[in-house]
Every structure is written in structure tokens, then in C-alpha cells.
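Notes follow once the structure below has been shown.
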Amino acid sequence: MKISKIKLEAVSSTQDYAKRLAAEGAPEGTVVVARIQERGRGRLGRRWLSPEGGLWFSLILRPSCAPARVSGLTLLAAVSVTEAINAKTSVNAGIKWPNDILIGGKKLGGILTEMTAAMNVVDYVVLGVGLNVNVETAEFPHDLLMPATSLKEETGRESDLDEILDAIMDNLTRDYGLFVGHFNDVMSRWKALSIVLGREVIVSQPGKRITGTAFDIDGDGALLVSDDQGATHIVHAGDLSILR
Ligand code: BTN
């Protein structure tokens with residue numbers, strides 16, 4: 001995959017910008033990166049604060065796979081991004097299923113995957129990554145769902161945004177090549193970075209709550225949770241909190 005970067009100052013959302021480009025036929029490997037997003041979006045339609053100092057980008061991919069496989073790409077991206085951060089800095093970031101990147105229980109970043117498909121084949125995927133690199137999370141509003149942190153706060157120094165982006169793109173390019181044929185290897189790395197497996201969790205879904213122990217992830221990227229009665233729940237989507 002050849003990477004070509006489009007750098008913007010301020011944009012509503014790199015996600016929407018990249019989706020427009022993808023719909024117009026932009027090739028796989030096109031990355032839209034912005035200094036500021038005015039209306040950054042998170043998962044489940046939530047807002048995503050995107051001040052100057054963070055790394056906000058969206059990558060266009062065109063995997064030839066069925067739409068059902070795309071959740072695997074989110075997990076793959078979480079591995080690529082988390083490993084890049086850990087390699088480039090002294091932090092020990094982990095992954096909270098499905099796509100949160102955490103340090104010490106605080107959210108450092110997240111991944112938003114959106115796709116368009118026709119006739120059960122993916123046309124394009126836009127993989128959005130948001131990372132609090134040099135931002136001051138003390139300036140974030142207090143009503144956030146989860147406490148936030150930044151690389152600057154964790155390491156005590158500023159990181160070079162271009163260097164972090166390049167390290168992530170190198171990893172993503174390599175790991176995307178493993179998506180077909182070697183996905184199990186990527187999943188083993190996901191498990192090694194997971195802060196969820198073996199923990200007691202609550203999964204909230206519209207009209208439903210599941211409490212139990214998260215014990216594995218399946219080949220589709222669903223979280224397997226076993227409850228007190230010994231039943232296994234296959235969780236494809238939802239909000240997860242770690243009880244202990
Ligand atoms: C989440 O954890 O809810 C996912 C957050 C994804 C944020 C990124 S920042 C770049 C891209 N543009 C957006 O509007 N959102 C994603």
C-alpha cells in the first residue's frame with residue numbers, strides 16, 4: 001500500500017473529508033490528517049474533542065472482503081497504533097475492547113471504522129484514528145465518559161506528530177498485509193495488548209446489560225464473555241466497563 005498524505009489545517013472531521021475523497025475514487029493508502037477538527041466524531045455518534053496538538057487522521061482502505069470482516073480491521077488497527085506508540089515512547093499503552101487505547105485506565109485514543117459496501121463486498125473503509133499526543137486533557141470538559149490522558153502528560157515531553165504518524169503508518173501498512181491469511185497472528189498480538197481479557201466486565205447494549213468475565217475474542221473480533229451461570233455471550237458491539 002502506497003501512502004499519500006493530505007495535510008489540512010482545520011477541518012470539520014477528517015473522517016468526512018476522507019469519505020468524500022473515497023466516494024470520488026481516491027486510492028487505498030490516502031491519509032487525511034488535520035491540525036484541528038471542529039466536529040470530530042467518536043464511536044456511536046459521540047463527539048471527539050480534537051484541539052491542536054493531537055493526531056487526528058483518517059486512512060482510506062479498499063479491502064476485498066465481506067462487510068462482516070471489517071470489524072477485524074478495527075482490531076488490527078488498534079494493534080498497529082498501540083504497538084507504534086509503545087515503540088516510540090516509554091509508555092505502556094493497552095487496548096480496551098474494541099478500539100480504545102488506554103494508559104493506566106485513561107483514554108489516550110480511539111479508532112472509528114466506517115465503510116461503504118455494495119452487493120456484500122466492501123467498496124471502501126475509512127479508518128479514523130484520534131490520539132491525544134501533545135494536548136492538555138485538563139482543559140477537556142468534565143462530562144467525558146472516561147478520564148482522558150495524553151502522551152505529553154504520560155511522558156512529560158512533547159512528541160513529534162509526524163514521527164508518530166509515520167510509525168503508525170509503517171505498522172498499519174505491514175499489518176494490513178497480514179489481514180488476509182495471517183489474521184490469527186495479529187489477534188495474538190491483540191490479546192497480548194488487551195487490558196480486558198480475564199477481567200470482570202459489564203457490557204451495555206441498547207436495552208441489555210451483560211456482566212461476566214471476558215475470556216477471549218473470536219475470529220470475527222467479537223468479545224466472549226462468560227456469565228455467572230456459565231453461559232457464553234458473543235458480544236459484537238456495546239460499551240464496556242471493567243469492574244475488576
Ligand atoms: C472513539 O474512541 O470513539 C473513536 C474516536 C475516533 C476519532 C478520530 S479523530 C480522526 C477521525 N475523524 C473523526 O471525526 N473521528 C476520527
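Please note that chains go A, B, ... in the order of the C-alpha cells, that every chain numbers its residues from 1, and that ligands are numbered from 1 in the order shown.
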Per residue of segment 49-126 of chain A within 12 Å of segment 200-214 of chain A, record the nearest atom pair and its distance in Å to one decimal, counting only C-alpha atoms, with rows in chain order and ascending residue number, as a tab-separated table.
residue	atom	partner	partner_atom	distance
A:Lys96	CA	A:Val201	CA	11.0
A:Trp97	CA	A:Ala214	CA	9.8
A:Pro98	CA	A:Val203	CA	11.4
Requested in this report: Dump the neighbourhood of ligand 1 as a PyMOL selection string: all residues within 6 Å, distances computed on only C-alpha atoms and all ligand atoms.
Outcome: chain A and resi 13-15+40-43+48+56-58+100+110-112+128-130
Output all heavy atoms for every residue in that selection, as a compact mmCIF listing (two decimals), in the first residue's frame.
# COMPACT_ATOMS: atom_id res chain seq x y z
N SER A 13 -14.27 17.23 10.03
CA SER A 13 -13.83 15.91 10.50
C SER A 13 -13.02 15.28 9.38
O SER A 13 -13.47 15.26 8.23
CB SER A 13 -15.05 15.05 10.84
OG SER A 13 -14.74 13.68 10.74
N THR A 14 -11.84 14.76 9.69
CA THR A 14 -11.03 14.09 8.66
C THR A 14 -11.79 12.89 8.11
O THR A 14 -11.60 12.48 6.97
CB THR A 14 -9.68 13.60 9.22
OG1 THR A 14 -9.93 12.72 10.32
CG2 THR A 14 -8.80 14.76 9.67
N GLN A 15 -12.66 12.34 8.95
CA GLN A 15 -13.43 11.17 8.57
C GLN A 15 -14.35 11.50 7.38
O GLN A 15 -14.38 10.79 6.39
CB GLN A 15 -14.26 10.75 9.80
CG GLN A 15 -14.68 9.33 9.82
CD GLN A 15 -13.54 8.33 9.98
OE1 GLN A 15 -12.38 8.68 10.15
NE2 GLN A 15 -13.88 7.07 9.90
N GLY A 40 -15.05 16.69 15.36
CA GLY A 40 -14.53 15.32 15.38
C GLY A 40 -15.59 14.38 15.91
O GLY A 40 -16.36 14.74 16.80
N ARG A 41 -15.65 13.19 15.33
CA ARG A 41 -16.66 12.21 15.73
C ARG A 41 -16.02 10.99 16.37
O ARG A 41 -15.00 10.51 15.90
CB ARG A 41 -17.46 11.76 14.51
CG ARG A 41 -18.38 12.85 13.97
CD ARG A 41 -19.30 12.32 12.90
NE ARG A 41 -18.62 12.08 11.64
CZ ARG A 41 -18.40 10.90 11.13
NH1 ARG A 41 -18.78 9.81 11.77
NH2 ARG A 41 -17.81 10.78 9.96
N GLY A 42 -16.67 10.49 17.42
CA GLY A 42 -16.22 9.24 18.03
C GLY A 42 -17.20 8.14 17.69
O GLY A 42 -18.13 8.33 16.90
N ARG A 43 -17.01 7.00 18.30
CA ARG A 43 -17.89 5.88 18.10
C ARG A 43 -19.30 6.21 18.60
O ARG A 43 -19.45 7.02 19.52
CB ARG A 43 -17.34 4.70 18.91
CG ARG A 43 -17.31 3.38 18.18
CD ARG A 43 -16.37 2.44 18.87
NE ARG A 43 -16.66 2.26 20.28
CZ ARG A 43 -17.46 1.30 20.78
NH1 ARG A 43 -18.02 0.44 19.99
NH2 ARG A 43 -17.65 1.20 22.07
N TRP A 48 -15.87 14.02 19.45
CA TRP A 48 -14.47 13.70 19.74
C TRP A 48 -13.71 15.01 19.77
O TRP A 48 -13.57 15.67 18.75
CB TRP A 48 -13.92 12.76 18.66
CG TRP A 48 -12.51 12.36 18.95
CD1 TRP A 48 -11.37 12.93 18.43
CD2 TRP A 48 -12.06 11.34 19.84
NE1 TRP A 48 -10.26 12.32 18.94
CE2 TRP A 48 -10.66 11.34 19.81
CE3 TRP A 48 -12.72 10.42 20.67
CZ2 TRP A 48 -9.89 10.46 20.58
CZ3 TRP A 48 -11.96 9.54 21.42
CH2 TRP A 48 -10.56 9.56 21.37
N TRP A 56 -4.92 13.59 14.50
CA TRP A 56 -6.28 13.26 14.02
C TRP A 56 -6.16 12.90 12.55
O TRP A 56 -5.84 13.76 11.74
CB TRP A 56 -7.23 14.45 14.20
CG TRP A 56 -7.00 15.32 15.42
CD1 TRP A 56 -6.71 16.65 15.43
CD2 TRP A 56 -7.06 14.91 16.80
NE1 TRP A 56 -6.59 17.10 16.73
CE2 TRP A 56 -6.79 16.05 17.59
CE3 TRP A 56 -7.29 13.69 17.45
CZ2 TRP A 56 -6.75 16.03 18.98
CZ3 TRP A 56 -7.25 13.66 18.84
CH2 TRP A 56 -7.00 14.81 19.58
N PHE A 57 -6.38 11.64 12.22
CA PHE A 57 -6.27 11.28 10.81
C PHE A 57 -7.24 10.16 10.41
O PHE A 57 -7.74 9.42 11.25
CB PHE A 57 -4.83 10.90 10.43
CG PHE A 57 -4.35 9.58 10.98
CD1 PHE A 57 -4.52 8.40 10.26
CD2 PHE A 57 -3.68 9.50 12.19
CE1 PHE A 57 -4.07 7.18 10.74
CE2 PHE A 57 -3.22 8.29 12.69
CZ PHE A 57 -3.42 7.13 11.96
N SER A 58 -7.47 10.09 9.09
CA SER A 58 -8.35 9.06 8.53
C SER A 58 -7.66 8.46 7.31
O SER A 58 -7.15 9.18 6.46
CB SER A 58 -9.69 9.67 8.11
OG SER A 58 -10.36 10.22 9.23
N ASP A 100 -10.49 1.15 22.12
CA ASP A 100 -9.95 2.23 22.95
C ASP A 100 -8.48 1.95 23.24
O ASP A 100 -8.12 0.83 23.60
CB ASP A 100 -10.68 2.31 24.29
CG ASP A 100 -12.08 2.87 24.18
OD1 ASP A 100 -12.39 3.46 23.12
OD2 ASP A 100 -12.85 2.72 25.14
N GLY A 110 -8.59 6.59 20.24
CA GLY A 110 -9.62 5.67 19.79
C GLY A 110 -9.61 5.54 18.28
O GLY A 110 -8.95 6.31 17.57
N ILE A 111 -10.35 4.56 17.82
CA ILE A 111 -10.41 4.25 16.39
C ILE A 111 -11.86 4.15 15.97
O ILE A 111 -12.68 3.56 16.67
CB ILE A 111 -9.67 2.92 16.11
CG1 ILE A 111 -8.19 3.10 16.46
CG2 ILE A 111 -9.82 2.48 14.65
CD1 ILE A 111 -7.38 1.85 16.43
N LEU A 112 -12.15 4.77 14.85
CA LEU A 112 -13.53 4.75 14.31
C LEU A 112 -13.45 4.21 12.89
O LEU A 112 -12.77 4.79 12.05
CB LEU A 112 -14.08 6.18 14.31
CG LEU A 112 -15.45 6.38 13.67
CD1 LEU A 112 -16.53 5.73 14.52
CD2 LEU A 112 -15.74 7.88 13.52
N GLY A 128 -10.49 5.89 11.02
CA GLY A 128 -10.14 7.15 11.68
C GLY A 128 -9.43 6.88 12.98
O GLY A 128 -9.85 6.03 13.76
N VAL A 129 -8.34 7.59 13.20
CA VAL A 129 -7.56 7.42 14.43
C VAL A 129 -7.41 8.77 15.11
O VAL A 129 -7.04 9.76 14.46
CB VAL A 129 -6.17 6.82 14.12
CG1 VAL A 129 -5.35 6.69 15.41
CG2 VAL A 129 -6.30 5.46 13.44
N GLY A 130 -7.74 8.81 16.38
CA GLY A 130 -7.55 10.03 17.16
C GLY A 130 -6.67 9.72 18.35
O GLY A 130 -6.94 8.78 19.10
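Distances here use only C-alpha atoms; by that measure, the residue among A:Leu172, A:Val235, A:Ile95, A:Met115 closest to Ala22 of chain A is A:Met115.
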Report task. Between A:Val31, A:Ile195, A:Val91, A:Val125, single out the one closest to Arg157 of chain A, counting only C-alpha atoms. Result -> A:Val91
Requested in this report: Find the residues near Tyr124 of chain A: any atom within 12 Å, counting only C-alpha atoms, skip ones fewer than 5 places away on the same chain, and give them as number ranges by chain.
Outcome: A: 18-30, 59-67, 70, 113-118
Requested in this report: Quick one: everything within 12 Å of Lys107 of chain A, counting only C-alpha atoms, minus sequence neighbours fewer than 3 positions away in the same chain. Send it as a PyMOL selection string.
Outcome: chain A and resi 48+93-96+99-104+110-111+130-133+137+144-151+153-154
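For the pair atom CA of Lys191 of chain A and atom CA of Ser241 of chain A, the separation is 17.5 Å.
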